[in-house]
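The data block below is run-v7.cif; it holds mmCIF, C-alpha atoms and all ligand atoms.
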```cif
data_protein
loop_
_atom_site.label_atom_id
_atom_site.label_comp_id
_atom_site.auth_asym_id
_atom_site.auth_seq_id
_atom_site.Cartn_x
_atom_site.Cartn_y
_atom_site.Cartn_z
CA MET A 1 7.61 -4.61 -29.37
CA LYS A 2 8.26 -5.51 -25.72
CA LYS A 3 5.56 -4.71 -23.16
CA ARG A 4 6.39 -2.05 -20.60
CA ILE A 5 5.36 -1.62 -16.98
CA VAL A 6 6.03 1.19 -14.52
CA PHE A 7 6.05 0.50 -10.77
CA THR A 8 5.75 3.28 -8.23
CA GLY A 9 5.50 3.54 -4.45
CA GLY A 10 7.75 4.62 -1.63
CA GLY A 11 8.37 6.47 1.60
CA SER A 12 8.56 3.26 3.64
CA ALA A 13 9.49 -0.35 2.85
CA GLY A 14 5.82 -1.28 3.10
CA HIS A 15 5.22 0.74 -0.07
CA VAL A 16 7.99 -1.05 -1.96
CA THR A 17 7.83 -4.68 -0.86
CA VAL A 18 4.86 -5.71 -3.06
CA ASN A 19 6.59 -4.18 -6.08
CA LEU A 20 9.71 -6.19 -5.23
CA ALA A 21 7.57 -9.34 -5.21
CA LEU A 22 6.11 -8.61 -8.66
CA ILE A 23 9.11 -7.24 -10.55
CA PRO A 24 10.89 -10.64 -11.07
CA HIS A 25 7.88 -12.06 -12.93
CA PHE A 26 7.75 -9.18 -15.42
CA LEU A 27 11.51 -9.26 -16.01
CA GLU A 28 11.41 -13.03 -16.56
CA SER A 29 8.48 -12.60 -18.97
CA GLY A 30 10.54 -10.20 -21.10
CA TRP A 31 8.80 -6.93 -20.12
CA GLU A 32 10.71 -3.68 -19.80
CA VAL A 33 10.45 -2.42 -16.24
CA ALA A 34 10.83 1.10 -14.86
CA TYR A 35 10.43 2.20 -11.23
CA MET A 36 9.40 5.77 -10.47
CA GLY A 37 10.32 6.83 -6.95
CA SER A 38 11.72 9.81 -5.09
CA THR A 39 15.27 10.99 -5.59
CA ASN A 40 16.32 10.04 -2.04
CA GLY A 41 13.76 7.74 -0.37
CA ILE A 42 14.00 4.13 0.84
CA GLU A 43 12.57 2.98 -2.52
CA LYS A 44 15.69 4.25 -4.25
CA GLU A 45 17.87 2.31 -1.81
CA LEU A 46 15.88 -0.89 -2.35
CA VAL A 47 15.44 -0.66 -6.12
CA VAL A 48 18.58 0.93 -7.60
CA GLY A 49 20.91 -1.89 -8.55
CA LEU A 50 18.13 -4.39 -9.39
CA ALA A 51 19.26 -5.80 -12.73
CA GLY A 52 16.91 -4.88 -15.58
CA VAL A 53 15.05 -2.13 -13.72
CA GLN A 54 15.38 1.49 -14.81
CA TYR A 55 15.02 3.83 -11.79
CA VAL A 56 13.42 7.21 -12.51
CA GLY A 57 13.70 9.69 -9.64
CA ILE A 58 11.09 12.45 -9.46
CA SER A 59 10.50 15.40 -7.19
CA THR A 60 7.95 14.74 -4.45
CA GLY A 61 6.37 16.31 -1.39
CA LYS A 62 4.17 15.35 1.51
CA LEU A 63 0.66 16.43 2.46
CA ARG A 64 0.82 17.10 6.21
CA ARG A 65 -2.03 17.65 8.62
CA TYR A 66 0.21 19.81 10.88
CA PHE A 67 2.17 23.06 10.53
CA ASP A 68 5.56 22.80 8.85
CA TRP A 69 7.35 25.35 6.65
CA LYS A 70 7.69 22.59 4.08
CA ASN A 71 3.91 22.86 3.57
CA VAL A 72 4.76 25.99 1.54
CA THR A 73 7.40 24.40 -0.70
CA ASP A 74 6.06 20.85 -0.97
CA PRO A 75 3.11 21.69 -3.28
CA LEU A 76 5.67 23.16 -5.71
CA ARG A 77 7.74 19.99 -5.49
CA VAL A 78 4.64 17.86 -6.15
CA ALA A 79 3.75 20.04 -9.16
CA LYS A 80 7.30 19.55 -10.45
CA GLY A 81 6.95 15.80 -9.85
CA ILE A 82 3.72 15.69 -11.85
CA GLY A 83 5.47 17.43 -14.74
CA GLU A 84 8.43 15.03 -14.58
CA ALA A 85 6.14 11.99 -14.40
CA PHE A 86 4.00 13.27 -17.28
CA LEU A 87 7.03 13.80 -19.53
CA PHE A 88 8.67 10.45 -18.72
CA LEU A 89 5.43 8.51 -19.23
CA ARG A 90 4.67 10.34 -22.49
CA ARG A 91 8.10 9.42 -23.83
CA TRP A 92 8.36 5.84 -22.45
CA LYS A 93 4.70 4.89 -23.13
CA PRO A 94 4.24 2.00 -20.67
CA ASP A 95 1.34 -0.41 -21.15
CA VAL A 96 0.35 -0.25 -17.49
CA ILE A 97 1.31 1.52 -14.24
CA PHE A 98 1.24 -0.28 -10.87
CA SER A 99 1.03 2.02 -7.87
CA LYS A 100 1.71 0.79 -4.37
CA GLY A 101 1.01 4.09 -2.59
CA GLY A 102 3.07 6.52 -0.55
CA PHE A 103 3.34 10.19 -1.51
CA VAL A 104 5.64 9.68 -4.48
CA SER A 105 2.94 7.64 -6.22
CA VAL A 106 0.45 10.52 -6.53
CA PRO A 107 2.37 12.55 -9.17
CA VAL A 108 2.97 9.32 -11.11
CA VAL A 109 -0.72 8.39 -11.10
CA LEU A 110 -1.67 11.93 -12.20
CA GLY A 111 0.99 11.88 -14.92
CA ALA A 112 -0.43 8.56 -16.12
CA TRP A 113 -3.97 9.89 -16.15
CA MET A 114 -2.88 12.94 -18.18
CA ASN A 115 -1.35 10.52 -20.70
CA ARG A 116 -4.47 8.30 -20.62
CA LEU A 117 -2.44 5.32 -19.40
CA PRO A 118 -4.10 2.58 -17.30
CA VAL A 119 -3.29 2.48 -13.58
CA VAL A 120 -3.74 -0.39 -11.11
CA ILE A 121 -3.35 0.41 -7.40
CA HIS A 122 -2.48 -1.88 -4.52
CA GLU A 123 -3.52 -1.19 -0.92
CA SER A 124 -1.92 -3.25 1.86
CA ASP A 125 -3.69 -1.76 4.86
CA LEU A 126 -7.25 -2.44 5.90
CA THR A 127 -8.14 1.25 5.56
CA PRO A 128 -6.69 2.94 2.45
CA GLY A 129 -3.89 5.48 2.96
CA LEU A 130 -4.19 9.09 1.82
CA ALA A 131 -2.02 8.73 -1.30
CA ASN A 132 -4.12 5.82 -2.51
CA ARG A 133 -7.38 7.57 -1.67
CA LEU A 134 -6.24 10.53 -3.81
CA SER A 135 -5.25 8.12 -6.61
CA VAL A 136 -8.36 5.90 -6.67
CA PRO A 137 -10.40 8.14 -9.07
CA PHE A 138 -7.61 7.79 -11.67
CA ALA A 139 -7.23 3.99 -11.40
CA SER A 140 -9.08 1.24 -13.19
CA LYS A 141 -8.70 -1.28 -10.35
CA VAL A 142 -7.57 -1.32 -6.72
CA CYS A 143 -6.11 -4.60 -5.44
CA VAL A 144 -6.62 -5.04 -1.70
CA THR A 145 -5.08 -7.29 0.92
CA PHE A 146 -7.87 -7.38 3.52
CA PRO A 147 -11.33 -8.41 2.25
CA GLU A 148 -12.92 -5.65 4.39
CA THR A 149 -11.13 -2.93 2.39
CA VAL A 150 -13.40 -3.36 -0.63
CA GLN A 151 -16.16 -1.57 1.28
CA HIS A 152 -13.94 1.55 1.60
CA LEU A 153 -13.69 1.84 -2.20
CA PRO A 154 -16.00 2.91 -5.02
CA GLN A 155 -18.06 -0.02 -6.30
CA ALA A 156 -16.47 -2.22 -8.95
CA LYS A 157 -12.93 -0.86 -8.38
CA GLY A 158 -11.87 -3.02 -5.42
CA VAL A 159 -10.50 -6.50 -6.06
CA HIS A 160 -9.58 -8.65 -3.08
CA VAL A 161 -6.29 -10.40 -3.92
CA GLY A 162 -4.82 -11.06 -0.46
CA ALA A 163 -1.24 -10.44 0.58
CA VAL A 164 1.48 -10.37 -2.04
CA ILE A 165 4.60 -11.81 -0.47
CA ARG A 166 8.15 -11.93 -1.85
CA ALA A 167 8.83 -15.57 -2.75
CA GLU A 168 12.29 -15.58 -1.14
CA LEU A 169 10.84 -14.83 2.30
CA LEU A 170 9.27 -18.29 2.34
CA LYS A 171 12.55 -20.03 1.57
CA GLY A 172 14.67 -19.20 4.63
CA SER A 173 16.81 -21.69 6.54
CA ARG A 174 16.55 -21.96 10.33
CA GLU A 175 20.04 -23.50 10.48
CA HIS A 176 21.63 -20.67 8.49
CA GLY A 177 19.91 -18.08 10.62
CA ILE A 178 21.06 -19.68 13.85
CA SER A 179 24.66 -20.06 12.73
CA SER A 180 24.88 -16.55 11.23
CA CYS A 181 23.69 -15.05 14.53
CA GLY A 182 26.02 -17.30 16.56
CA PHE A 183 23.00 -18.77 18.39
CA THR A 184 22.33 -22.29 19.66
CA PRO A 185 19.52 -24.45 18.23
CA LYS A 186 18.56 -25.45 21.78
CA LYS A 187 16.98 -22.20 22.93
CA PRO A 188 13.91 -20.50 21.37
CA VAL A 189 14.40 -17.38 19.25
CA LEU A 190 12.41 -14.17 19.64
CA LEU A 191 12.46 -11.88 16.60
CA VAL A 192 11.75 -8.21 17.31
CA MET A 193 10.88 -6.09 14.26
CA GLY A 194 10.10 -2.43 14.78
CA GLY A 195 8.72 -1.78 11.27
CA SER A 196 10.88 -0.67 8.39
CA LEU A 197 11.59 2.65 10.12
CA GLY A 198 12.24 1.18 13.58
CA ALA A 199 10.23 1.72 16.78
CA ARG A 200 12.00 3.70 19.47
CA ARG A 201 9.69 2.76 22.35
CA ILE A 202 9.79 -0.98 21.54
CA ASN A 203 13.60 -0.74 21.34
CA GLU A 204 13.73 0.85 24.81
CA VAL A 205 11.56 -1.84 26.38
CA ILE A 206 13.56 -4.67 24.79
CA ARG A 207 16.83 -3.16 26.03
CA SER A 208 15.59 -2.52 29.56
CA GLN A 209 14.21 -6.09 29.82
CA LEU A 210 17.05 -7.79 27.96
CA SER A 211 18.42 -9.74 30.93
CA ALA A 212 14.97 -11.18 31.70
CA LEU A 213 14.38 -12.00 28.03
CA LEU A 214 17.73 -13.72 27.62
CA GLU A 215 16.86 -16.15 30.41
CA SER A 216 14.24 -17.74 28.16
CA TYR A 217 15.10 -16.66 24.61
CA GLN A 218 17.76 -15.70 22.16
CA VAL A 219 16.79 -12.32 20.71
CA VAL A 220 17.23 -10.96 17.18
CA HIS A 221 16.42 -7.28 17.24
CA ILE A 222 15.81 -5.29 14.05
CA CYS A 223 16.11 -1.79 15.47
CA GLY A 224 15.68 0.58 12.48
CA LYS A 225 18.17 2.90 10.77
CA GLY A 226 20.56 4.53 13.25
CA GLN A 227 18.85 2.87 16.22
CA CYS A 228 21.26 0.04 17.10
CA ASP A 229 23.06 0.39 20.43
CA ASP A 230 26.54 -1.00 19.88
CA SER A 231 27.38 -0.73 23.58
CA ILE A 232 25.11 -3.76 24.20
CA GLN A 233 27.05 -6.94 23.45
CA ARG A 234 25.41 -10.01 24.98
CA ALA A 235 25.53 -13.70 24.15
CA GLY A 236 22.21 -14.65 22.51
CA TYR A 237 21.43 -11.06 21.44
CA ARG A 238 21.93 -9.82 17.89
CA GLN A 239 21.01 -6.38 16.55
CA TYR A 240 20.48 -5.23 12.98
CA GLU A 241 19.48 -1.80 11.67
CA TYR A 242 17.62 -3.17 8.65
CA VAL A 243 17.99 -6.50 6.91
CA LYS A 244 17.75 -7.42 3.25
CA GLU A 245 19.02 -10.85 2.17
CA GLU A 246 19.29 -12.08 5.80
CA LEU A 247 15.54 -11.68 6.46
CA PRO A 248 14.32 -15.09 5.15
CA ASP A 249 16.72 -16.94 7.50
CA LEU A 250 15.86 -14.71 10.47
CA LEU A 251 12.16 -15.33 9.90
CA ALA A 252 12.73 -19.07 9.50
CA MET A 253 14.53 -19.35 12.83
CA ALA A 254 12.06 -17.21 14.82
CA ASP A 255 9.81 -19.11 17.22
CA MET A 256 7.86 -16.00 18.14
CA VAL A 257 7.73 -12.42 16.83
CA VAL A 258 7.25 -9.06 18.52
CA SER A 259 6.44 -6.45 15.90
CA ARG A 260 4.73 -3.31 14.72
CA ALA A 261 1.59 -4.07 12.71
CA GLY A 262 2.52 -2.85 9.22
CA SER A 263 0.36 -4.85 6.85
CA ASN A 264 3.07 -6.48 4.77
CA ALA A 265 5.06 -7.66 7.76
CA ILE A 266 2.07 -9.21 9.56
CA PHE A 267 0.95 -11.12 6.47
CA GLU A 268 4.50 -12.43 6.11
CA TYR A 269 4.33 -13.76 9.71
CA LEU A 270 0.93 -15.27 8.92
CA ALA A 271 2.24 -17.02 5.82
CA LEU A 272 5.08 -18.44 7.92
CA ARG A 273 2.77 -19.30 10.87
CA LYS A 274 4.73 -17.23 13.38
CA PRO A 275 2.99 -16.54 16.70
CA MET A 276 3.05 -12.76 16.99
CA LEU A 277 2.70 -10.05 19.60
CA LEU A 278 1.72 -6.90 17.71
CA ILE A 279 2.39 -3.43 19.11
CA PRO A 280 0.76 -1.17 16.51
CA LEU A 281 1.94 2.39 15.89
CA SER A 282 -0.26 4.71 17.98
CA LYS A 283 -2.98 6.98 16.64
CA THR A 284 -1.02 10.05 17.70
CA ALA A 285 1.93 9.06 15.48
CA SER A 286 -0.11 7.82 12.50
CA ARG A 287 -3.59 7.56 11.04
CA GLY A 288 -4.17 4.47 13.16
CA ASP A 289 -3.96 2.00 10.26
CA GLN A 290 -1.77 -0.42 12.21
CA ILE A 291 -4.29 -0.60 15.07
CA VAL A 292 -7.01 -1.57 12.59
CA ASN A 293 -4.69 -4.16 10.97
CA ALA A 294 -3.78 -5.64 14.35
CA ARG A 295 -7.39 -5.78 15.58
CA SER A 296 -8.43 -7.59 12.41
CA PHE A 297 -5.73 -10.25 13.02
CA GLU A 298 -6.69 -10.46 16.69
CA LYS A 299 -10.33 -11.08 15.74
CA ARG A 300 -9.22 -13.97 13.56
CA GLY A 301 -7.17 -15.39 16.44
CA PHE A 302 -3.73 -14.94 14.83
CA CYS A 303 -1.99 -12.69 17.37
CA GLU A 304 -1.82 -10.97 20.73
CA VAL A 305 -2.09 -7.17 20.69
CA LEU A 306 -0.59 -4.61 23.06
CA LEU A 307 -1.40 -0.96 22.35
CA GLU A 308 1.51 1.48 22.49
CA GLU A 309 -0.35 3.64 25.05
CA GLU A 310 -0.37 0.59 27.34
CA LEU A 311 3.21 -0.45 26.66
CA THR A 312 5.33 -0.58 29.81
CA GLU A 313 7.99 -3.03 30.90
CA SER A 314 5.47 -5.04 32.92
CA THR A 315 2.63 -5.08 30.34
CA PHE A 316 5.17 -6.17 27.74
CA LEU A 317 6.41 -9.11 29.80
CA ALA A 318 2.82 -10.12 30.63
CA ALA A 319 1.80 -9.97 26.94
CA LEU A 320 4.84 -12.03 25.96
CA LYS A 321 3.96 -14.64 28.59
CA LYS A 322 0.43 -14.83 27.18
CA LEU A 323 1.86 -15.24 23.68
CA GLU A 324 4.11 -18.05 24.89
CA GLU A 325 1.11 -19.80 26.51
CA ASN A 326 -1.16 -19.41 23.47
CA ARG A 327 1.40 -19.91 20.74
CA PHE A 328 0.24 -23.34 19.58
CA GLN A 329 -3.40 -22.24 19.45
CA LEU A 330 -2.42 -19.22 17.35
CA MET A 331 -0.32 -21.40 15.05
CA ASN A 332 -3.21 -23.82 14.54
CA ARG A 333 -5.57 -21.00 13.61
CA MET A 334 -3.00 -19.59 11.20
CA LYS A 335 -2.71 -23.01 9.57
CA GLU A 336 -6.41 -22.85 8.77
CA ASP A 337 -5.93 -19.63 6.82
CA SER A 338 -6.05 -20.84 3.23
CA HIS A 339 -2.96 -20.21 1.18
CA THR A 340 -3.77 -17.54 -1.39
CA ASP A 341 -2.53 -17.14 -4.93
CA SER A 342 -2.28 -13.36 -4.59
CA LEU A 343 0.80 -12.91 -6.73
CA VAL A 344 -0.82 -14.77 -9.62
CA LYS A 345 -4.02 -12.74 -9.28
CA VAL A 346 -2.22 -9.39 -9.39
CA ILE A 347 -0.06 -10.45 -12.33
CA ALA A 348 -3.16 -11.61 -14.27
CA LEU A 349 -4.90 -8.31 -13.58
CA LEU A 350 -1.88 -6.30 -14.72
CA GLU A 351 -1.44 -8.36 -17.89
CA GLN A 352 -5.13 -8.04 -18.68
CA THR A 353 -5.07 -4.26 -18.04
CA ALA A 354 -2.01 -3.88 -20.29
CA GLY A 355 -4.03 -5.59 -23.05
C1 LIG A 401 5.41 4.22 9.98
C2 LIG A 401 4.57 3.85 8.81
O1 LIG A 401 4.14 4.67 8.03
N1 LIG A 401 4.26 2.57 8.71
C3 LIG A 401 3.46 2.05 7.60
C4 LIG A 401 4.38 1.34 6.65
O2 LIG A 401 5.05 0.40 7.47
P1 LIG A 401 6.33 -0.42 7.06
O3 LIG A 401 7.12 0.24 6.00
O4 LIG A 401 7.00 -0.82 8.30
O5 LIG A 401 5.59 -1.58 6.31
P2 LIG A 401 5.23 -3.09 6.46
O6 LIG A 401 5.38 -3.63 7.82
O7 LIG A 401 3.91 -3.21 5.80
O8 LIG A 401 6.33 -3.72 5.51
C5 LIG A 401 7.68 -3.66 5.79
C6 LIG A 401 8.37 -4.52 4.78
O9 LIG A 401 9.75 -4.34 4.92
C7 LIG A 401 10.36 -5.59 5.13
N2 LIG A 401 11.53 -5.40 6.01
C8 LIG A 401 11.37 -4.82 7.23
C9 LIG A 401 12.47 -4.66 8.04
C10 LIG A 401 13.73 -5.08 7.57
O10 LIG A 401 14.76 -4.97 8.23
N3 LIG A 401 13.82 -5.63 6.33
C11 LIG A 401 12.74 -5.81 5.52
O11 LIG A 401 12.87 -6.31 4.40
C12 LIG A 401 9.30 -6.49 5.74
O12 LIG A 401 9.60 -7.83 5.50
C13 LIG A 401 8.06 -5.99 4.97
O13 LIG A 401 7.96 -6.61 3.72
O14 LIG A 401 3.63 0.74 5.59
C14 LIG A 401 2.62 -0.21 6.01
C15 LIG A 401 1.90 -0.74 4.76
O15 LIG A 401 1.27 0.27 4.07
C16 LIG A 401 1.66 0.43 7.00
O16 LIG A 401 0.78 -0.57 7.50
C17 LIG A 401 2.43 1.07 8.13
O17 LIG A 401 1.55 1.75 9.01
#
```
Structure rendered as structure tokens:
Amino acid sequence: MKKRIVFTGGGSAGHVTVNLALIPHFLESGWEVAYMGSTNGIEKELVVGLAGVQYVGISTGKLRRYFDWKNVTDPLRVAKGIGEAFLFLRRWKPDVIFSKGGFVSVPVVLGAWMNRLPVVIHESDLTPGLANRLSVPFASKVCVTFPETVQHLPQAKGVHVGAVIRAELLKGSREHGISSCGFTPKKPVLLVMGGSLGARRINEVIRSQLSALLESYQVVHICGKGQCDDSIQRAGYRQYEYVKEELPDLLAMADMVVSRAGSNAIFEYLALRKPMLLIPLSKTASRGDQIVNARSFEKRGFCEVLLEEELTESTFLAALKKLEENRFQLMNRMKEDSHTDSLVKVIALLEQTAG
């Protein structure tokens, strides 16, 4: 009988991207693969249509730390999700469940535990997110990206594997990127990525400083869903809402990156040795995980950091100038970061857990 694996995770691309890196191996090795996600989240958009992957949508809800009427209905949706996950897992009987976090993963992990099925978790951020913290007691192992994260976990559960990166991201072509954007190879390219959900404030600063930026750079701007401004049409400026197959080429042609500090994205820049200016999501808009990620990279000499609270047109231009001046130093330090075999480590752990 074929082995079976269930992937779960969603809510933002960061909770899907590691799964997307792992799925091809299991398909190629003849496993049956199912993905349990929400009925309408970004995970559905990214996974439905992948050949060989069965998508199972379940009901889900969010645990909020602020008042919202949905706080009344969401626990019911989560309870429904647990029931749906339990029934699917009981019927499908996977050998192992891999959970990447995000709220949709909690009902799946609980459904697995109720069926006594083994769960392996993956945490991308330096400090574990709430969904993963709730799931840890029900998991046999927790794979982590940052070595420091092990100390936030119960003893013997944390395994440092490093960043799991989609293989195709490392295979982009600078020439393709430049020609698809209508750019010239003679001028440096600045890639601006606002995180998978976009970053309104970064978008505003880029637009207000566009003329100054275009004097020195060509700019590729990934703005986030619904956040492109089609009224801006300038030579050397290209906007995207969100990119899929174009991303490897855009990364390959970027000389420098301005970005949020989502864990997956920053490890992708590190793997590609891209000098980066990180503008982490503020503590008021999040649990502050991106600030911790960015500070850890800054300590290792991989990036420049500008906090959102300090982000103005002038601090942005000053930080970009500093990045330009230090870019070769940053690149040299990034070169020293040993290439990890994270993908292989996670696959081995999953195969071993499946028995
Ligand atoms: C607002 C929010 O909750 N952000 C969190 C979310 O960020 P977010 O979803 O932005 O996650 P990451 O930056 O970690 O990963 C984004 C992934 O999407 C990909 N990508 C991005 C843009 C695009 O157009 N195309 C594309 O493929 C990137 O290459 C990367 O693989 O998850 C991260 C990992 O847990 C956290 O650190 C962030 O704090």
For this session: Pick out the residues sitting within 7 Å of region 144-157 of chain A, and hand them over as a PyMOL selection string; count all atoms listed in the file, and ignore anything fewer than 4 positions along from it in its own chain.
Result: chain A and resi 122-127+140+161-163
Problem set entry | Close residues to ligand LIG 401 (chain A) using all atoms listed in the file, limit 6 Å, as a ChimeraX atom specification | /A:12-15,17,124-125,195-196,222,242-244,262-265,289-290
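Shortest separation to Val120 (chain A) among A:Pro107, A:Gly101, A:Gly301, A:Gly61 occurs at residue A:Gly101, atoms counted being all atoms listed in the file.
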For this session: Kindly indicate which residue among A:Ser342, A:Ser231, A:Asn332, A:Gln239 lies nearest to Val219 (chain A), using only C-alpha atoms for the distances.
Result: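 For Val219 (chain A), the nearest of the given residues is A:Gln239.
Closest approach to Tyr269 (chain A) from the set A:Arg234, A:Lys100, A:Lys299, A:Lys335 is made by A:Lys335, with distances taken over only C-alpha atoms.
Nearest-residue note for Ile5 (chain A): choosing from A:Val189, A:Val106, A:Val205, A:Ala34, the minimum distance belongs to A:Ala34, counting all atoms listed in the file.
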Please define a box with edges along x, y and z of the file around all atoms of region 283-287 of chain A given in the file, extend it by 6 Å on each side, and return its centre and edge lengths in Å to one decimal, as AutoDock Vina command-line options.
```
--center_x -0.8 --center_y 8.5 --center_z 14.4 --size_x 17.5 --size_y 15.1 --size_z 18.7
```
Exercise. Which residues come within 10 Å of Met114 (chain A), counting only C-alpha atoms, excluding same-chain residues fewer than 5 positions away, as JSON, numbers by chain?
Worked result: {"A": [82, 85, 86, 89, 90, 108, 109, 138]}
Problem set entry | Selected residue, from A:Ala112, A:Leu330, A:Val164, A:Val72, that lies nearest to Glu268 (chain A) when counting only C-alpha atoms | A:Val164
For this session: Calculate how many Å separate CA of Leu247 (chain A) from CA of Ile178 (chain A), rounding to one decimal.
Result: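 According to the coordinates, CA of Leu247 (chain A) and CA of Ile178 (chain A) are separated by 12.2 Å.
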Please rebuild region 331-344 of chain A with N, CA and C atoms and return the result as a compact mmCIF listing (two decimals), in the coordinates of the input.
```txt
# COMPACT_ATOMS: atom_id res chain seq x y z
N MET A 331 -0.90 -20.74 16.23
CA MET A 331 -0.32 -21.40 15.05
C MET A 331 -1.35 -22.28 14.35
N ASN A 332 -2.17 -22.96 15.14
CA ASN A 332 -3.21 -23.82 14.54
C ASN A 332 -4.22 -22.99 13.75
N ARG A 333 -4.61 -21.85 14.33
CA ARG A 333 -5.57 -21.00 13.61
C ARG A 333 -4.94 -20.46 12.33
N MET A 334 -3.67 -20.12 12.40
CA MET A 334 -3.00 -19.59 11.20
C MET A 334 -2.92 -20.65 10.12
N LYS A 335 -2.78 -21.91 10.55
CA LYS A 335 -2.71 -23.01 9.57
C LYS A 335 -4.00 -23.11 8.77
N GLU A 336 -5.11 -22.74 9.45
CA GLU A 336 -6.41 -22.85 8.77
C GLU A 336 -6.60 -21.78 7.72
N ASP A 337 -5.80 -20.71 7.79
CA ASP A 337 -5.93 -19.63 6.82
C ASP A 337 -5.46 -20.17 5.46
N SER A 338 -6.39 -20.19 4.50
CA SER A 338 -6.05 -20.84 3.23
C SER A 338 -4.94 -20.08 2.52
N HIS A 339 -4.05 -20.82 1.91
CA HIS A 339 -2.96 -20.21 1.18
C HIS A 339 -3.52 -19.51 -0.07
N THR A 340 -3.17 -18.27 -0.25
CA THR A 340 -3.77 -17.54 -1.39
C THR A 340 -2.80 -17.50 -2.57
N ASP A 341 -3.36 -17.26 -3.73
CA ASP A 341 -2.53 -17.14 -4.93
C ASP A 341 -2.49 -15.66 -5.35
N SER A 342 -2.21 -14.80 -4.37
CA SER A 342 -2.28 -13.36 -4.59
C SER A 342 -1.40 -12.87 -5.73
N LEU A 343 -0.16 -13.38 -5.73
CA LEU A 343 0.80 -12.91 -6.73
C LEU A 343 0.24 -13.17 -8.14
N VAL A 344 -0.27 -14.37 -8.32
CA VAL A 344 -0.82 -14.77 -9.62
C VAL A 344 -2.00 -13.87 -10.00
```
